[in-house]
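Colleague: The structure is given below, and queries will be raised subsequently.
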Amino acid sequence: MPKPRKSLISLQDTSYYHCVSRCVRRAFLCGSDKLTGQSYEHRRGWIEDKILSLAAIFAIDVCAYAVMSNHTHLVLHVNTEKANSWSIREVLERWHRLHKGTQFTEKYLENKEMAEFELVSVYESCEKYRERLTDISWFMRELNEPIARMANNEDKCTGRFWEGRFKSQALLDEAALVSCIAYVDLNPVRANMEKTPETSKHTSIKTRIEVAKANQTQPKTLFPFIGCEREDQPEGLPFKLTDYLELIDLTGRVIRSDKRGSLDISLAPILQRINLTSEQWIEVTTSFEKHFKVAVGSEAYLAEYCEHTELQRRSGLAACKRLLS
């Protein structure tokens, strides 16, 4: 029997997770229906907008995303320190942007005089909401349920829009993290939906490139690249943005079906840092989901993760040893 998603989230091992949701009716729910010719491309915009709006509410950062025609990819970072720094009022205000809350939390936000038992209820609700705002399952629920309702309303039907559960993969080290982000960002190129990363609609890489070109900065809606981590530095992905964009550009050229070639590792500082060959990199970024299952990382990290999540089998161990070490 599959384990519940919450049992696969182990924040003591990693705060980074790759999540995938797939449509049940596959081909035309977010793309174009070949039978009727009707286009549902606008739904990809719904999903992208919802992802970015939720990132502004939850203590969960979006590292990468790609909205495809029948599925979505997300790389998420759970930021518990950020959530713990929020005041009671901030937690309640964030939660009320999603749900009504209770009569006591509403009363608290209206600055009305409250009895002691009412305040106790508010404090209990606050901690419950704080926990939910760092919960990937809640994030995915708040993403997928409204989209399903909107799509079913548009189709004038009922029933499932998404498959029953989203897929979750723990990214246990830097090699797994950057490989997965690249895999997500290059999804449209690999699927021959787009020719280049910068033209890939409804992806994080397009957003990063556009903002970098316009302002020479990084999008506020996405978890930033900060380079090597140092003290007194804001949180972010432990790679330089310029190095990552260059690596994505090189990789995108290689994986194009009409432009098979070799990747010059001397031009890719990130690969040197994570100690991967160009051959390993290409295989990982073209077949990430095929090779890896519940968790991705070195053998030592994978062993610790399986122990903490009580998984008896180290699924994907052989692929991790071959491709990420």
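Identifiers in the structure tokens: chain A, B, ... in order shown; residue index from 1 per chain; ligand index from 1 in order shown.
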For the interface of segment 66-129 of chain A with segment 185-193 of chain A (cut-off 9 Å, counting only C-alpha atoms), please tabulate each contacting residue of segment 66-129 of chain A alongside its nearest pair of atoms and their separation in Å to one decimal, rows sorted by chain and increasing number, as a tab-separated table.

Modeller:
```
residue	atom	partner	partner_atom	distance
A:Ala66	CA	A:Asp185	CA	6.3
A:Val67	CA	A:Pro188	CA	8.8
A:Met68	CA	A:Pro188	CA	7.1
A:His73	CA	A:Asn187	CA	8.8
```

Colleague: Sorted by chain and rising residue number, list the residues of segment 18-130 of chain A at most 9 Å from segment 210-223 of chain A (counting only C-alpha atoms), each with its closest atom pair and distance in Å to one decimal, as CSV.

Modeller:
```
residue,atom,partner,partner_atom,distance
A:Leu52,CA,A:Thr221,CA,6.1
A:Ser53,CA,A:Thr221,CA,8.3
A:Ala55,CA,A:Thr221,CA,7.0
A:Ala56,CA,A:Thr221,CA,7.2
A:Asp61,CA,A:Phe223,CA,5.6
A:Val62,CA,A:Leu222,CA,5.3
A:Cys63,CA,A:Phe223,CA,5.0
A:Ala64,CA,A:Leu222,CA,7.5
A:Leu76,CA,A:Phe223,CA,8.9
A:His77,CA,A:Phe223,CA,8.1
```

Colleague: Export N, CA and C atoms of the chosen residues as an mmCIF file, in the first residue's frame?

Modeller:
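And here's selection02.cif as it stands now:
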```cif
data_model
loop_
_atom_site.group_PDB
_atom_site.id
_atom_site.type_symbol
_atom_site.label_atom_id
_atom_site.label_comp_id
_atom_site.auth_asym_id
_atom_site.auth_seq_id
_atom_site.Cartn_x
_atom_site.Cartn_y
_atom_site.Cartn_z
ATOM 1 N N LEU A 52 2.160 30.751 -8.150
ATOM 2 C CA LEU A 52 2.885 31.930 -7.673
ATOM 3 C C LEU A 52 2.118 32.660 -6.569
ATOM 4 N N SER A 53 0.792 32.636 -6.625
ATOM 5 C CA SER A 53 0.016 33.284 -5.559
ATOM 6 C C SER A 53 0.130 32.508 -4.252
ATOM 7 N N ALA A 55 2.713 30.738 -3.345
ATOM 8 C CA ALA A 55 4.079 30.943 -2.837
ATOM 9 C C ALA A 55 4.160 32.212 -1.996
ATOM 10 N N ALA A 56 3.288 33.174 -2.276
ATOM 11 C CA ALA A 56 3.272 34.427 -1.507
ATOM 12 C C ALA A 56 2.532 34.280 -0.184
ATOM 13 N N ASP A 61 8.760 27.936 -0.666
ATOM 14 C CA ASP A 61 9.312 28.661 -1.807
ATOM 15 C C ASP A 61 9.258 27.795 -3.058
ATOM 16 N N VAL A 62 9.010 28.429 -4.189
ATOM 17 C CA VAL A 62 9.005 27.735 -5.474
ATOM 18 C C VAL A 62 10.367 27.904 -6.118
ATOM 19 N N CYS A 63 11.093 26.796 -6.272
ATOM 20 C CA CYS A 63 12.413 26.821 -6.906
ATOM 21 C C CYS A 63 12.295 26.687 -8.416
ATOM 22 N N ALA A 64 11.358 25.882 -8.872
ATOM 23 C CA ALA A 64 11.161 25.669 -10.302
ATOM 24 C C ALA A 64 9.760 25.131 -10.528
ATOM 25 N N LEU A 76 9.901 22.439 -4.694
ATOM 26 C CA LEU A 76 9.509 23.288 -3.569
ATOM 27 C C LEU A 76 10.539 23.238 -2.450
ATOM 28 N N HIS A 77 10.634 24.349 -1.728
ATOM 29 C CA HIS A 77 11.527 24.460 -0.573
ATOM 30 C C HIS A 77 10.693 24.845 0.631
#
```

Colleague: Using DSSP on the backbone, list every residue of segment 69-102 of chain A that comes out as strand (DSSP E), and give them as a list in words.

Modeller: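 Going through segment 69-102 of chain A, the strand (DSSP E) residues come out as His71, Thr72, His73, Leu74, Val75, Leu76, His77 and Val78 of chain A.
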
Colleague: For Leu250 of chain A, which of A:Val120, A:Met140, A:Ala83, A:Leu271 is the closest residue, counting only C-alpha atoms?

Modeller: A:Leu271

Colleague: Tell me which protein, DNA and RNA residues are within 12 Å of Arg141 of chain A, counting only C-alpha atoms, leaving out same-chain ones fewer than 3 positions away, and put them as a count of residues only.

Modeller: 22

Colleague: Could you pull out all residues of segment 41-210 of chain A with a DSSP call of helix (DSSP H, G or I) and give them as a ChimeraX atom specification?

Modeller: /A:42-55,80-85,88-96,103-109,116-132,136-155,174-185,187-190,197-199,204-210

Colleague: Got time to write the residues from that selection, C-alpha atoms, as a short mmCIF file (atom, residue, chain, number, x, y, z; two decimals), in the first residue's frame?

Modeller:
```cif
data_model
loop_
_atom_site.label_atom_id
_atom_site.label_comp_id
_atom_site.auth_asym_id
_atom_site.auth_seq_id
_atom_site.Cartn_x
_atom_site.Cartn_y
_atom_site.Cartn_z
CA HIS A 42 -5.48 29.07 -21.01
CA ARG A 43 -5.68 26.59 -18.13
CA ARG A 44 -1.90 26.46 -18.00
CA GLY A 45 -2.05 30.15 -17.12
CA TRP A 46 -4.54 29.40 -14.34
CA ILE A 47 -2.13 26.91 -12.84
CA GLU A 48 0.94 29.15 -13.14
CA ASP A 49 -0.86 32.08 -11.52
CA LYS A 50 -2.10 29.88 -8.69
CA ILE A 51 1.38 28.46 -8.03
CA LEU A 52 2.89 31.93 -7.67
CA SER A 53 0.02 33.28 -5.56
CA LEU A 54 0.32 30.37 -3.12
CA ALA A 55 4.08 30.94 -2.84
CA THR A 80 10.12 26.49 8.53
CA GLU A 81 12.29 29.29 9.92
CA LYS A 82 10.27 31.81 7.96
CA ALA A 83 6.99 30.40 9.28
CA ASN A 84 8.25 30.39 12.88
CA SER A 85 9.15 34.07 12.59
CA ILE A 88 0.04 35.44 15.29
CA ARG A 89 -1.55 38.19 13.23
CA GLU A 90 0.56 37.41 10.16
CA VAL A 91 -0.24 33.69 10.33
CA LEU A 92 -3.96 34.42 10.60
CA GLU A 93 -3.91 37.00 7.81
CA ARG A 94 -2.15 34.56 5.50
CA TRP A 95 -4.55 31.73 6.29
CA HIS A 96 -7.58 33.99 5.85
CA GLN A 103 -15.23 33.33 14.43
CA PHE A 104 -12.51 33.86 17.04
CA THR A 105 -9.69 34.36 14.50
CA GLU A 106 -11.88 36.82 12.61
CA LYS A 107 -12.62 38.66 15.85
CA TYR A 108 -8.88 38.76 16.67
CA LEU A 109 -8.04 40.31 13.30
CA GLU A 116 -9.41 34.47 27.72
CA PHE A 117 -11.00 31.26 26.37
CA GLU A 118 -11.38 32.97 22.98
CA LEU A 119 -7.70 33.92 22.93
CA VAL A 120 -6.74 30.35 23.80
CA SER A 121 -8.75 29.18 20.79
CA VAL A 122 -7.00 31.75 18.60
CA TYR A 123 -3.55 30.60 19.73
CA GLU A 124 -4.45 26.96 19.03
CA SER A 125 -5.79 27.84 15.59
CA CYS A 126 -2.70 29.91 14.86
CA GLU A 127 -0.32 27.01 15.50
CA LYS A 128 -2.50 24.70 13.42
CA TYR A 129 -2.46 27.18 10.52
CA ARG A 130 1.27 27.80 10.92
CA GLU A 131 1.90 24.08 10.50
CA ARG A 132 -0.35 23.88 7.48
CA ILE A 136 3.54 20.46 1.05
CA SER A 137 0.35 18.38 1.02
CA TRP A 138 -1.66 21.47 1.94
CA PHE A 139 0.16 23.51 -0.71
CA MET A 140 -0.68 20.93 -3.39
CA ARG A 141 -4.27 20.70 -2.15
CA GLU A 142 -4.71 24.47 -2.37
CA LEU A 143 -3.22 24.37 -5.87
CA ASN A 144 -5.05 21.41 -7.36
CA GLU A 145 -8.56 21.64 -5.90
CA PRO A 146 -9.45 25.14 -7.21
CA ILE A 147 -8.05 24.32 -10.66
CA ALA A 148 -10.15 21.13 -10.78
CA ARG A 149 -13.30 23.07 -9.86
CA MET A 150 -12.62 25.75 -12.49
CA ALA A 151 -11.93 23.15 -15.20
CA ASN A 152 -15.00 21.07 -14.36
CA ASN A 153 -17.15 24.19 -14.31
CA GLU A 154 -15.82 25.15 -17.73
CA ASP A 155 -16.43 21.61 -19.04
CA GLU A 174 23.05 19.57 -4.23
CA ALA A 175 23.50 17.24 -7.20
CA ALA A 176 19.93 15.95 -6.86
CA LEU A 177 18.59 19.48 -6.37
CA VAL A 178 20.15 21.16 -9.39
CA SER A 179 19.56 18.11 -11.60
CA CYS A 180 15.87 18.10 -10.74
CA ILE A 181 15.47 21.86 -11.23
CA ALA A 182 17.11 21.56 -14.65
CA TYR A 183 14.91 18.56 -15.50
CA VAL A 184 11.82 20.63 -14.67
CA ASP A 185 12.97 23.76 -16.50
CA ASN A 187 10.60 19.79 -19.75
CA PRO A 188 9.01 21.72 -22.67
CA VAL A 189 12.24 21.54 -24.72
CA ARG A 190 12.61 17.84 -24.08
CA PRO A 197 14.21 27.50 -22.53
CA GLU A 198 13.60 31.25 -22.92
CA THR A 199 10.51 30.63 -25.06
CA SER A 204 10.17 29.16 -14.07
CA ILE A 205 13.15 29.34 -16.43
CA LYS A 206 11.31 31.70 -18.79
CA THR A 207 10.39 33.92 -15.84
CA ARG A 208 13.98 33.96 -14.55
CA ILE A 209 15.42 34.79 -17.98
CA GLU A 210 12.91 37.58 -18.66
#
```

Colleague: Of the candidates A:Lys201, A:Lys293, A:His308, A:His99, which shows the shortest atom-to-atom distance to Leu11 of chain A, using only C-alpha atoms?

Modeller: A:His308

Colleague: Please identify all polymer residues within 10 Å of Ile282 of chain A, counting only C-alpha atoms, omitting same-chain residues fewer than 3 positions from it, and present them as a ChimeraX atom specification.

Modeller: /A:179,183,251-252,254-255,262-263,276-279,285-288,323

Colleague: Have a look at atom CA of Val296 of chain A and atom CA of Ser315 of chain A and let me know their distance in Å, one decimal.

Modeller: 9.3 Å

Colleague: Nearest residue to Thr242 of chain A out of A:Leu311, A:Ala268, A:Cys306, A:Leu35, using only C-alpha atoms?

Modeller: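 Using only C-alpha atoms, Thr242 of chain A sits closest to A:Ala268.
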